[in-house]
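Here's start30.cif, which has mmCIF, C-alpha atoms:
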```
data_entry
#
loop_
_atom_site.label_atom_id
_atom_site.label_comp_id
_atom_site.auth_asym_id
_atom_site.auth_seq_id
_atom_site.Cartn_x
_atom_site.Cartn_y
_atom_site.Cartn_z
CA MET A 7 108.80 121.52 119.98
CA LEU A 8 111.10 119.98 117.40
CA ARG A 9 113.49 122.29 115.64
CA VAL A 10 114.12 121.45 112.01
CA ARG A 11 117.31 122.48 110.29
CA CYS A 12 117.96 121.98 106.58
CA LEU A 13 121.34 120.52 105.66
CA ARG A 14 123.46 120.33 102.56
CA GLY A 15 123.49 116.99 100.76
CA GLY A 16 127.02 116.08 99.67
CA SER A 17 130.40 117.79 100.04
CA ARG A 18 131.87 120.71 98.09
CA GLY A 19 134.98 118.72 97.16
CA ALA A 20 132.91 115.89 95.71
CA GLU A 21 130.79 118.32 93.69
CA ALA A 22 133.89 120.04 92.34
CA ALA A 23 135.48 116.78 91.31
CA HIS A 24 132.29 115.72 89.52
CA TYR A 25 132.12 119.06 87.70
CA ILE A 26 135.73 119.08 86.52
CA GLY A 27 135.62 115.43 85.52
CA SER A 28 132.57 116.06 83.32
CA ARG A 29 134.24 119.07 81.61
CA LEU A 30 137.73 117.69 81.12
CA ARG A 31 137.18 114.13 79.95
CA GLY A 32 139.53 112.36 77.58
CA VAL A 33 143.20 113.34 77.63
CA PHE A 34 142.81 115.45 80.77
CA THR A 35 141.10 112.77 82.90
CA GLY A 36 144.33 111.45 84.38
CA TRP A 37 145.53 114.97 85.12
CA VAL A 38 142.32 115.72 87.02
CA GLN A 39 142.62 112.59 89.11
CA ARG A 40 146.25 113.31 90.02
CA THR A 41 145.96 116.99 90.75
CA PHE A 42 142.77 116.63 92.81
CA GLN A 43 144.90 114.91 95.45
CA SER A 44 146.66 118.18 96.24
CA THR A 45 145.18 121.11 98.15
CA GLN A 46 146.13 123.47 95.36
CA ALA A 47 144.05 121.51 92.89
CA ALA A 48 141.12 121.47 95.33
CA ALA A 49 141.28 125.25 95.56
CA ALA A 50 141.45 125.51 91.78
CA SER A 51 138.39 123.27 91.55
CA GLN A 52 136.40 125.58 93.80
CA ASN A 53 137.45 128.60 91.76
CA THR A 54 136.34 126.89 88.56
CA CYS A 55 132.94 126.15 90.06
CA ALA A 56 132.63 129.70 91.28
CA ALA A 57 132.99 130.92 87.71
CA ASP A 58 129.54 129.54 86.89
CA ASP A 59 126.34 131.06 88.22
CA LYS A 60 125.44 127.81 89.96
CA ALA A 61 127.48 124.78 90.99
CA PRO A 62 126.27 121.34 89.89
CA SER A 63 123.54 119.80 92.05
CA PRO A 64 124.79 117.07 94.43
CA VAL A 65 121.95 114.88 93.14
CA PRO A 66 121.49 114.76 89.34
CA LYS A 67 118.05 115.93 88.29
CA ASP A 68 117.29 112.63 86.54
CA CYS A 69 118.54 110.49 89.44
CA LEU A 70 115.87 108.00 90.44
CA VAL A 71 117.22 107.53 93.97
CA CYS A 72 116.56 109.99 96.78
CA SER A 73 115.22 109.13 100.23
CA TYR A 74 116.13 110.54 103.64
CA ASN A 75 113.53 109.16 106.03
CA GLU A 76 110.65 106.72 106.47
CA TRP A 77 107.70 109.05 105.85
CA ASP A 78 108.21 111.56 103.01
CA PRO A 79 105.82 110.98 100.05
CA LEU A 80 106.73 107.64 98.48
CA GLU A 81 107.31 107.71 94.71
CA GLU A 82 109.29 104.55 93.91
CA VAL A 83 109.82 101.32 95.83
CA ILE A 84 111.38 97.88 95.44
CA VAL A 85 109.06 95.06 96.53
CA GLY A 86 110.56 91.64 97.22
CA ARG A 87 109.76 88.25 95.71
CA ALA A 88 108.68 85.04 97.41
CA GLU A 89 109.29 82.96 94.28
CA ASN A 90 111.63 80.00 94.82
CA ALA A 91 112.10 80.84 98.51
CA CYS A 92 114.04 78.15 100.37
CA VAL A 93 114.38 77.27 104.03
CA PRO A 94 117.91 78.17 105.15
CA PRO A 95 120.11 75.36 106.47
CA PHE A 96 119.99 75.06 110.26
CA SER A 97 123.33 76.71 111.03
CA VAL A 98 124.30 78.34 114.33
CA GLU A 99 123.29 81.84 113.23
CA VAL A 100 119.87 80.61 112.07
CA LYS A 101 119.33 78.77 115.34
CA ALA A 102 120.12 81.96 117.31
CA ASN A 103 117.53 83.95 115.36
CA THR A 104 114.61 81.52 115.36
CA TYR A 105 112.33 80.14 118.03
CA GLU A 106 112.79 76.68 119.46
CA LYS A 107 109.40 75.44 118.32
CA TYR A 108 110.55 75.84 114.68
CA TRP A 109 113.99 74.21 115.02
CA GLY A 110 112.63 70.88 113.87
CA PHE A 111 111.21 72.58 110.76
CA TYR A 112 114.66 73.93 109.85
CA GLN A 113 116.39 70.66 110.57
CA LYS A 114 113.96 68.79 108.31
CA PHE A 115 113.55 71.26 105.43
CA GLY A 116 116.81 73.25 105.39
CA GLY A 117 117.91 73.73 101.78
CA GLN A 118 114.44 72.86 100.44
CA SER A 119 111.48 74.98 99.39
CA PHE A 120 109.13 76.49 101.94
CA PRO A 121 105.76 74.67 101.84
CA LYS A 122 104.53 75.06 98.26
CA ASP A 123 100.91 75.90 99.01
CA HIS A 124 101.88 78.49 101.61
CA LEU A 125 104.41 80.00 99.22
CA LYS A 126 101.83 80.23 96.44
CA LYS A 127 99.50 82.22 98.71
CA ALA A 128 102.34 84.52 99.78
CA ILE A 129 103.24 85.23 96.15
CA ALA A 130 99.60 86.14 95.38
CA GLU A 131 99.43 88.45 98.42
CA ILE A 132 102.57 90.35 97.39
CA GLU A 133 101.31 90.71 93.81
CA GLU A 134 98.15 92.30 95.19
CA MET A 135 100.23 94.55 97.42
CA CYS A 136 102.17 95.71 94.34
CA ASN A 137 98.91 96.45 92.51
CA ILE A 138 97.64 98.51 95.44
CA LEU A 139 100.90 100.48 95.62
CA LYS A 140 100.64 101.23 91.89
CA GLY A 141 97.05 102.35 92.44
CA GLU A 142 98.35 104.79 95.06
CA GLY A 143 100.68 106.32 92.47
CA VAL A 144 103.87 104.52 93.49
CA THR A 145 106.30 103.07 90.92
CA VAL A 146 107.06 99.45 91.83
CA LYS A 147 110.23 97.55 90.91
CA ARG A 148 110.94 93.85 91.56
CA PRO A 149 114.18 91.86 91.98
CA ASP A 150 115.00 89.06 89.58
CA PRO A 151 113.73 85.52 90.30
CA ILE A 152 116.61 83.18 91.21
CA ASP A 153 116.88 79.49 92.03
CA TRP A 154 117.82 79.68 95.71
CA SER A 155 118.16 75.90 96.08
CA VAL A 156 121.51 75.89 94.28
CA LYS A 157 124.36 74.86 96.56
CA TYR A 158 127.42 77.07 96.74
CA LYS A 159 130.79 76.87 98.43
CA THR A 160 133.42 79.42 99.43
CA PRO A 161 136.82 78.71 101.02
CA ASP A 162 135.12 79.16 104.41
CA PHE A 163 131.67 77.57 104.21
CA GLU A 164 129.00 76.00 102.03
CA SER A 165 125.28 76.64 101.94
CA THR A 166 122.17 77.07 99.84
CA GLY A 167 120.36 80.37 99.40
CA MET A 168 117.14 81.69 100.90
CA TYR A 169 115.17 84.34 98.97
CA ALA A 170 114.93 87.93 97.72
CA ALA A 171 111.77 88.60 99.70
CA MET A 172 113.03 91.32 102.04
CA PRO A 173 114.87 94.13 100.21
CA ARG A 174 114.87 96.15 103.45
CA ASP A 175 117.32 93.61 104.87
CA ILE A 176 119.95 94.07 102.20
CA LEU A 177 119.51 97.61 100.82
CA LEU A 178 119.71 100.92 102.66
CA VAL A 179 119.01 104.15 100.78
CA VAL A 180 120.59 107.26 102.28
CA GLY A 181 120.00 110.32 100.12
CA ASN A 182 120.97 109.35 96.59
CA GLU A 183 123.17 106.46 97.72
CA ILE A 184 122.24 102.77 97.72
CA ILE A 185 124.24 100.78 100.26
CA GLU A 186 124.36 96.99 99.88
CA ALA A 187 124.56 95.40 103.31
CA PRO A 188 127.09 92.57 103.80
CA MET A 189 124.48 90.42 105.63
CA ALA A 190 125.27 87.93 108.40
CA TRP A 191 123.57 84.66 107.41
CA ARG A 192 125.49 82.31 105.18
CA ALA A 193 122.24 81.48 103.36
CA ARG A 194 122.07 85.16 102.32
CA PHE A 195 125.64 85.54 101.06
CA PHE A 196 124.63 85.82 97.39
CA GLU A 197 121.27 87.51 97.89
CA TYR A 198 122.58 90.72 96.28
CA ARG A 199 122.51 89.00 92.87
CA ALA A 200 118.73 89.36 92.65
CA TYR A 201 119.02 93.16 92.91
CA ARG A 202 122.02 93.90 90.72
CA ARG A 203 120.02 94.64 87.57
CA LEU A 204 117.95 97.25 89.42
CA ILE A 205 120.95 98.79 91.17
CA LYS A 206 122.83 99.16 87.89
CA ASP A 207 119.84 101.00 86.43
CA TYR A 208 119.77 103.33 89.45
CA PHE A 209 123.53 103.84 89.18
CA ASN A 210 123.18 104.75 85.50
CA SER A 211 120.57 107.34 86.47
CA GLY A 212 123.11 109.09 88.71
CA ALA A 213 122.81 107.30 92.07
CA LYS A 214 125.77 106.43 94.24
CA TRP A 215 126.32 102.71 94.74
CA THR A 216 128.25 101.34 97.68
CA THR A 217 128.85 97.74 98.67
CA ALA A 218 129.95 97.29 102.28
CA PRO A 219 132.92 94.96 102.92
CA LYS A 220 131.79 91.42 102.20
CA PRO A 221 132.48 89.20 105.23
CA THR A 222 134.16 85.86 104.76
CA MET A 223 131.53 84.32 107.10
CA ALA A 224 134.23 82.05 108.43
CA ASP A 225 133.54 80.12 111.63
CA GLU A 226 135.21 82.91 113.62
CA LEU A 227 132.34 85.28 112.83
CA TYR A 228 129.98 83.16 114.92
CA ASP A 229 130.02 81.93 118.49
CA GLN A 230 129.76 78.26 117.66
CA ASN A 231 128.80 77.46 121.27
CA TYR A 232 126.19 80.19 121.66
CA PRO A 233 124.21 78.79 124.63
CA ILE A 234 120.55 79.20 123.72
CA HIS A 235 117.97 76.68 124.87
CA SER A 236 115.01 78.86 125.86
CA VAL A 237 113.60 82.38 125.77
CA GLU A 238 115.04 82.87 129.25
CA ASP A 239 118.51 82.09 127.91
CA ARG A 240 118.02 84.66 125.17
CA HIS A 241 116.97 87.34 127.65
CA LYS A 242 120.03 86.72 129.83
CA LEU A 243 122.45 86.74 126.91
CA ALA A 244 120.94 89.87 125.34
CA ALA A 245 121.06 91.66 128.71
CA GLN A 246 124.76 90.77 128.92
CA GLY A 247 125.37 92.07 125.40
CA LYS A 248 126.21 88.62 124.06
CA PHE A 249 125.25 87.71 120.52
CA VAL A 250 125.86 84.87 118.09
CA THR A 251 127.90 87.15 115.81
CA THR A 252 131.36 88.10 117.05
CA GLU A 253 133.56 91.09 116.17
CA PHE A 254 135.76 89.02 113.85
CA GLU A 255 134.83 91.21 110.85
CA PRO A 256 132.14 93.80 110.01
CA CYS A 257 128.65 92.50 109.38
CA PHE A 258 125.22 94.09 109.35
CA ASP A 259 121.75 93.78 107.89
CA ALA A 260 120.32 97.03 106.54
CA ALA A 261 117.07 96.44 108.45
CA ASP A 262 118.86 97.14 111.73
CA PHE A 263 119.09 100.81 110.68
CA ILE A 264 116.17 103.25 110.61
CA ARG A 265 116.37 106.78 109.21
CA ALA A 266 115.24 110.15 110.47
CA GLY A 267 117.00 112.63 108.20
CA ARG A 268 120.47 113.43 109.41
CA ASP A 269 120.10 111.00 112.32
CA ILE A 270 120.16 107.26 111.73
CA PHE A 271 119.43 104.80 114.54
CA VAL A 272 120.81 101.26 114.76
CA GLN A 273 120.83 98.35 117.17
CA ARG A 274 123.58 95.81 117.88
CA SER A 275 121.81 92.55 117.11
CA GLN A 276 122.34 88.93 116.20
CA VAL A 277 123.10 90.01 112.61
CA THR A 278 124.70 93.44 113.12
CA ASN A 279 127.92 93.79 115.08
CA TYR A 280 129.77 96.84 116.38
CA MET A 281 132.35 96.65 113.59
CA GLY A 282 129.55 96.87 111.05
CA ILE A 283 128.01 99.83 112.86
CA GLU A 284 131.39 101.57 113.02
CA TRP A 285 131.90 101.03 109.29
CA MET A 286 128.57 102.72 108.64
CA ARG A 287 129.35 105.55 111.06
CA ARG A 288 132.62 106.37 109.30
CA HIS A 289 131.15 105.91 105.85
CA LEU A 290 128.22 108.29 106.44
CA ALA A 291 130.12 110.95 108.42
CA PRO A 292 130.02 113.92 108.56
CA ASP A 293 126.64 114.44 106.90
CA TYR A 294 124.87 111.81 109.01
CA ARG A 295 125.04 110.76 112.65
CA VAL A 296 124.65 107.09 113.54
CA HIS A 297 123.24 106.43 117.03
CA ILE A 298 123.23 103.04 118.77
CA ILE A 299 120.05 102.30 120.69
CA SER A 300 119.10 99.11 122.51
CA PHE A 301 116.01 97.31 123.71
CA LYS A 302 114.87 94.75 126.23
CA ASP A 303 114.71 92.16 123.48
CA PRO A 304 115.56 88.45 123.85
CA ASN A 305 116.17 88.06 120.13
CA PRO A 306 117.29 91.33 118.52
CA MET A 307 117.25 91.05 114.74
CA HIS A 308 116.08 94.01 112.65
CA ILE A 309 114.83 97.14 114.34
CA ASP A 310 111.58 97.85 112.47
CA ALA A 311 109.27 95.51 114.41
CA THR A 312 110.61 97.01 117.63
CA PHE A 313 111.11 100.68 116.83
CA ASN A 314 109.47 102.10 113.71
CA ILE A 315 109.71 105.82 112.98
CA ILE A 316 106.51 106.85 111.15
CA GLY A 317 106.74 110.64 110.94
CA PRO A 318 108.70 113.72 112.00
CA GLY A 319 108.67 113.44 115.78
CA LEU A 320 106.53 110.28 115.80
CA VAL A 321 107.71 106.76 116.61
CA LEU A 322 106.10 103.38 117.31
CA SER A 323 107.84 101.69 120.25
CA ASN A 324 107.13 98.02 120.98
CA PRO A 325 105.73 97.73 124.54
CA ASP A 326 107.21 94.23 124.91
CA ARG A 327 110.67 95.49 123.93
CA PRO A 328 111.11 98.91 125.57
CA CYS A 329 113.89 101.17 124.33
CA HIS A 330 116.61 101.89 126.89
CA GLN A 331 117.30 105.32 125.35
CA ILE A 332 113.69 106.47 124.93
CA GLU A 333 114.35 109.67 126.90
CA LEU A 334 116.53 110.88 124.02
CA PHE A 335 113.41 111.05 121.87
CA LYS A 336 111.12 112.47 124.53
CA LYS A 337 113.58 115.27 125.32
CA ALA A 338 113.65 116.15 121.62
CA GLY A 339 109.87 116.55 121.71
CA TRP A 340 109.03 113.29 119.97
CA THR A 341 105.74 111.51 120.57
CA VAL A 342 106.29 107.87 121.50
CA ILE A 343 103.36 105.57 120.74
CA GLN A 344 102.95 102.01 121.96
CA PRO A 345 101.05 99.98 119.35
CA PRO A 346 98.34 97.54 120.48
CA VAL A 347 98.92 93.82 120.96
CA PRO A 348 98.97 91.98 117.60
CA LEU A 349 95.91 89.96 116.62
CA ILE A 350 97.64 87.23 114.60
CA PRO A 351 96.54 83.75 115.83
CA ASP A 352 98.94 81.58 117.80
CA ASP A 353 98.65 78.73 115.31
CA HIS A 354 99.71 80.81 112.28
CA PRO A 355 103.27 79.86 111.27
CA LEU A 356 105.85 82.60 111.77
CA TRP A 357 109.02 80.71 110.91
CA MET A 358 111.31 83.73 111.00
CA SER A 359 109.67 86.50 113.03
CA SER A 360 107.37 87.44 115.89
CA LYS A 361 103.75 88.57 115.93
CA TRP A 362 104.92 92.17 116.17
CA LEU A 363 105.07 92.39 112.38
CA SER A 364 101.77 94.19 112.97
CA MET A 365 103.80 97.38 113.62
CA ASN A 366 106.07 96.74 110.63
CA VAL A 367 104.11 99.18 108.49
CA LEU A 368 105.01 101.19 105.39
CA MET A 369 104.33 104.93 105.38
CA LEU A 370 103.26 106.21 101.95
CA ASP A 371 103.44 109.71 103.38
CA GLU A 372 102.73 111.35 106.73
CA LYS A 373 98.98 110.75 106.33
CA ARG A 374 98.83 107.34 104.63
CA VAL A 375 100.04 104.00 105.95
CA MET A 376 99.96 100.47 104.54
CA VAL A 377 98.83 98.12 107.29
CA ASP A 378 97.72 94.50 107.58
CA ALA A 379 94.00 94.10 106.82
CA ASN A 380 93.63 91.65 109.73
CA GLU A 381 95.12 93.98 112.36
CA THR A 382 92.06 96.07 113.18
CA SER A 383 93.45 97.33 116.50
CA ILE A 384 96.45 99.07 114.96
CA GLN A 385 94.22 100.40 112.18
CA LYS A 386 92.13 102.19 114.81
CA MET A 387 95.31 103.54 116.41
CA PHE A 388 96.41 105.11 113.12
CA GLU A 389 92.98 106.53 112.44
CA LYS A 390 93.02 108.27 115.84
CA LEU A 391 96.34 109.81 114.79
CA GLY A 392 94.69 111.18 111.63
CA ILE A 393 96.53 108.72 109.39
CA SER A 394 94.52 106.93 106.69
CA THR A 395 95.05 103.17 106.52
CA ILE A 396 95.56 101.25 103.30
CA LYS A 397 94.57 97.72 104.24
CA VAL A 398 96.33 94.78 102.58
CA ASN A 399 96.35 91.12 103.60
CA ILE A 400 99.86 89.64 103.64
CA ARG A 401 99.36 87.06 106.37
CA HIS A 402 101.04 84.22 104.45
CA ALA A 403 103.84 86.53 103.38
CA ASN A 404 104.35 87.35 107.08
CA SER A 405 105.38 83.75 107.62
CA LEU A 406 108.54 84.32 105.58
CA GLY A 407 109.75 86.87 108.09
CA GLY A 408 108.48 90.33 107.27
CA GLY A 409 105.75 92.94 107.23
CA PHE A 410 105.27 95.80 104.79
CA HIS A 411 108.43 97.63 105.82
CA CYS A 412 110.52 94.46 105.44
CA TRP A 413 109.04 93.54 102.06
CA THR A 414 109.96 96.93 100.60
CA CYS A 415 112.86 99.32 100.14
CA ASP A 416 111.86 102.88 99.35
CA ILE A 417 114.00 104.18 96.51
CA ARG A 418 112.55 107.65 96.10
CA ARG A 419 110.63 109.83 98.53
CA ARG A 420 109.83 113.44 97.75
CA GLY A 421 111.69 115.39 100.42
CA THR A 422 114.94 116.99 101.51
CA LEU A 423 117.63 116.25 104.08
CA GLN A 424 116.68 117.73 107.44
CA SER A 425 117.71 117.40 111.06
CA TYR A 426 115.11 116.50 113.68
CA PHE A 427 117.50 116.58 116.64
CA ASP A 428 119.45 119.68 117.72
#
```

Represent the supplied structure as structure tokens.
Amino acid sequence: MLRVRCLRGGSRGAEAAHYIGSRLRGVFTGWVQRTFQSTQAAAASQNTCAADDKAPSPVPKDCLVCSYNEWDPLEEVIVGRAENACVPPFSVEVKANTYEKYWGFYQKFGGQSFPKDHLKKAIAEIEEMCNILKGEGVTVKRPDPIDWSVKYKTPDFESTGMYAAMPRDILLVVGNEIIEAPMAWRARFFEYRAYRRLIKDYFNSGAKWTTAPKPTMADELYDQNYPIHSVEDRHKLAAQGKFVTTEFEPCFDAADFIRAGRDIFVQRSQVTNYMGIEWMRRHLAPDYRVHIISFKDPNPMHIDATFNIIGPGLVLSNPDRPCHQIELFKKAGWTVIQPPVPLIPDDHPLWMSSKWLSMNVLMLDEKRVMVDANETSIQKMFEKLGISTIKVNIRHANSLGGGFHCWTCDIRRRGTLQSYFD
């Protein structure tokens, strides 16, 4: 049996500072900032708070952001945009994350639009997905449309952009904090710009807003001679712990992290290095624990089509990419479910992902899941678990590299911070 323990959200010192700052604005603001650095001031802060019947809540009542896991009742979500999506230039990090049969596609169309007709169908599918989410009572927000074909140059590299289709890749919500991931592809360096309007609104409602250290993406961040020629090469390199990204500076995509209350799981992948994981570990401590897990995966990039937590004590584990630390979950009483083989046809283009997007589902709550309308096998699996399926067709949107979990970032779920591992 799982033991569940409720935890505090936020620290006493942070609450005290917020309280004093709100009461002593103006001429006393500088004094508060200086004196809070001393232990005497910290003690005085606690005494001041104790004078009231109740200390301020760590999360403002009108804050729009609050999410601790992947399954609490969903109330607000960001859904990505396929508009203006461009093929990323065929750089070394893109080559390491894509399959050989598509390398010619990247070499020919890098910096240009994805096929227009395909893109049009993907846009229509995501619009319908948004309508269905609204019909289920979920507030839907969208990033701003941007021209991703514009060339840009930094002191270290030049590129064009890609898209704002996958908010899960760039944004991680932990409690009432939005963390902007630094990303690892040069084509995604400026992707945050599409979300800034939304994040500022959430910040103004009381949310915390953190931007991880932005990498330079200099040549040193990538193994320029990463020796991939086949799937067999990828398997050997992954087994040896070798990736296209080095430890030159922190980098990570938010989609390599998956949340289960106080415990957050992450994989070292082609886009997430150990420095990035360590930055997150230090940043989230002591309220959260970050655990590294690994898989038999020839091309690790984003955890949620390999290991998708769908409920308290319930996880989907890809049978083709078994988890090396699965006993950790079984010993904690978790139920590990292997989803069925995907039904997507071999001839359907998946330029940036595998067929296992079938398990990349979005939980609306513990008893409702958004799943691909074409994947009847996994629908039956959910129904046997007592979970109702909300069927939506996003087959053309899949081609851009994501399923329902990728295309969304849950901003608010109705729930509290709990621990599912003791």

Please produce, as a tab-separated table, a per-residue contact table for stretch 183-213 of chain A versus stretch 156-174 of chain A (criterion: any atom at most 9 Å away, all atoms listed in the file considered), showing the nearest atom pair and its distance in Å to one decimal, sorted by chain then residue number.
```
residue	atom	partner	partner_atom	distance
A:Arg192	CA	A:Ser165	CA	6.5
A:Ala193	CA	A:Gly167	CA	4.5
A:Arg194	CA	A:Gly167	CA	5.9
A:Phe195	CA	A:Gly167	CA	7.6
A:Phe196	CA	A:Gly167	CA	7.2
A:Glu197	CA	A:Ala170	CA	6.4
A:Tyr198	CA	A:Ala170	CA	8.3
A:Ala200	CA	A:Ala170	CA	6.5
A:Tyr201	CA	A:Ala170	CA	8.2
```

Dump of C-alpha atoms for the selected residues, as a PDB file, keeping the file's coordinate frame:
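So the final result, stored in out-v2.pdb, reads:
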```pdb
ATOM      1  CA  ARG A 192     125.490  82.310 105.180  1.00  0.00           C
ATOM      2  CA  ALA A 193     122.240  81.480 103.360  1.00  0.00           C
ATOM      3  CA  ARG A 194     122.070  85.160 102.320  1.00  0.00           C
ATOM      4  CA  PHE A 195     125.640  85.540 101.060  1.00  0.00           C
ATOM      5  CA  PHE A 196     124.630  85.820  97.390  1.00  0.00           C
ATOM      6  CA  GLU A 197     121.270  87.510  97.890  1.00  0.00           C
ATOM      7  CA  TYR A 198     122.580  90.720  96.280  1.00  0.00           C
ATOM      8  CA  ALA A 200     118.730  89.360  92.650  1.00  0.00           C
ATOM      9  CA  TYR A 201     119.020  93.160  92.910  1.00  0.00           C
TER      10      TYR A 201
END
```

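Those residues positioned at most 10 Å from (111.8, 106.2, 124.4) are Ile299, Phe301, Phe313, Val321, Leu322, Ser323, Pro328, Cys329, His330, Gln331, Ile332, Glu333, Leu334, Phe335, Lys336, Lys337, Trp340, Thr341, Val342 and Ile343 of chain A, judged using only C-alpha atoms.
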
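This file gives the following result for the PyMOL selection byres ((chain A and resi 185) around 9): Ile176, Leu177, Leu178, Val179, Val180, Glu183, Ile184, Glu186, Ala187, Lys214, Trp215, Thr216, Thr217, Ala218 and Ala260 of chain A.
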
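Shortest separation to A:Ala261 among A:Lys122, A:His411, A:Arg401, A:Lys390 occurs at residue A:His411, atoms counted being all atoms listed in the file.
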
- the PyMOL selection byres ((chain A and resi 232) around 10) applied to the shown file, residues as a PyMOL selection string: chain A and resi 98-99+101-102+228-231+233-235+240+243+248-251

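Distance annotation: of A:Arg295, A:Lys140, A:Arg202, A:Arg374, the residue with the minimal separation from A:Ala266 is A:Arg295; atom set is only C-alpha atoms.
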
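For the pair atom CA of A:Leu423 and atom CA of A:Gly339, the interatomic distance is 19.3 Å.
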
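Atom CA of A:Asn305 to atom CA of A:Asp239 spans 10.1 Å [interatomic distance, one decimal].
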
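Considering only C-alpha atoms, the residue among A:Gly319, A:Gly212, A:Pro121, A:Gly267 positioned nearest to A:Val296 is A:Gly267.
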
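One distance worth recording is that between atom CA of A:Cys136 and atom CA of A:Asn314, which is 21.7 Å.
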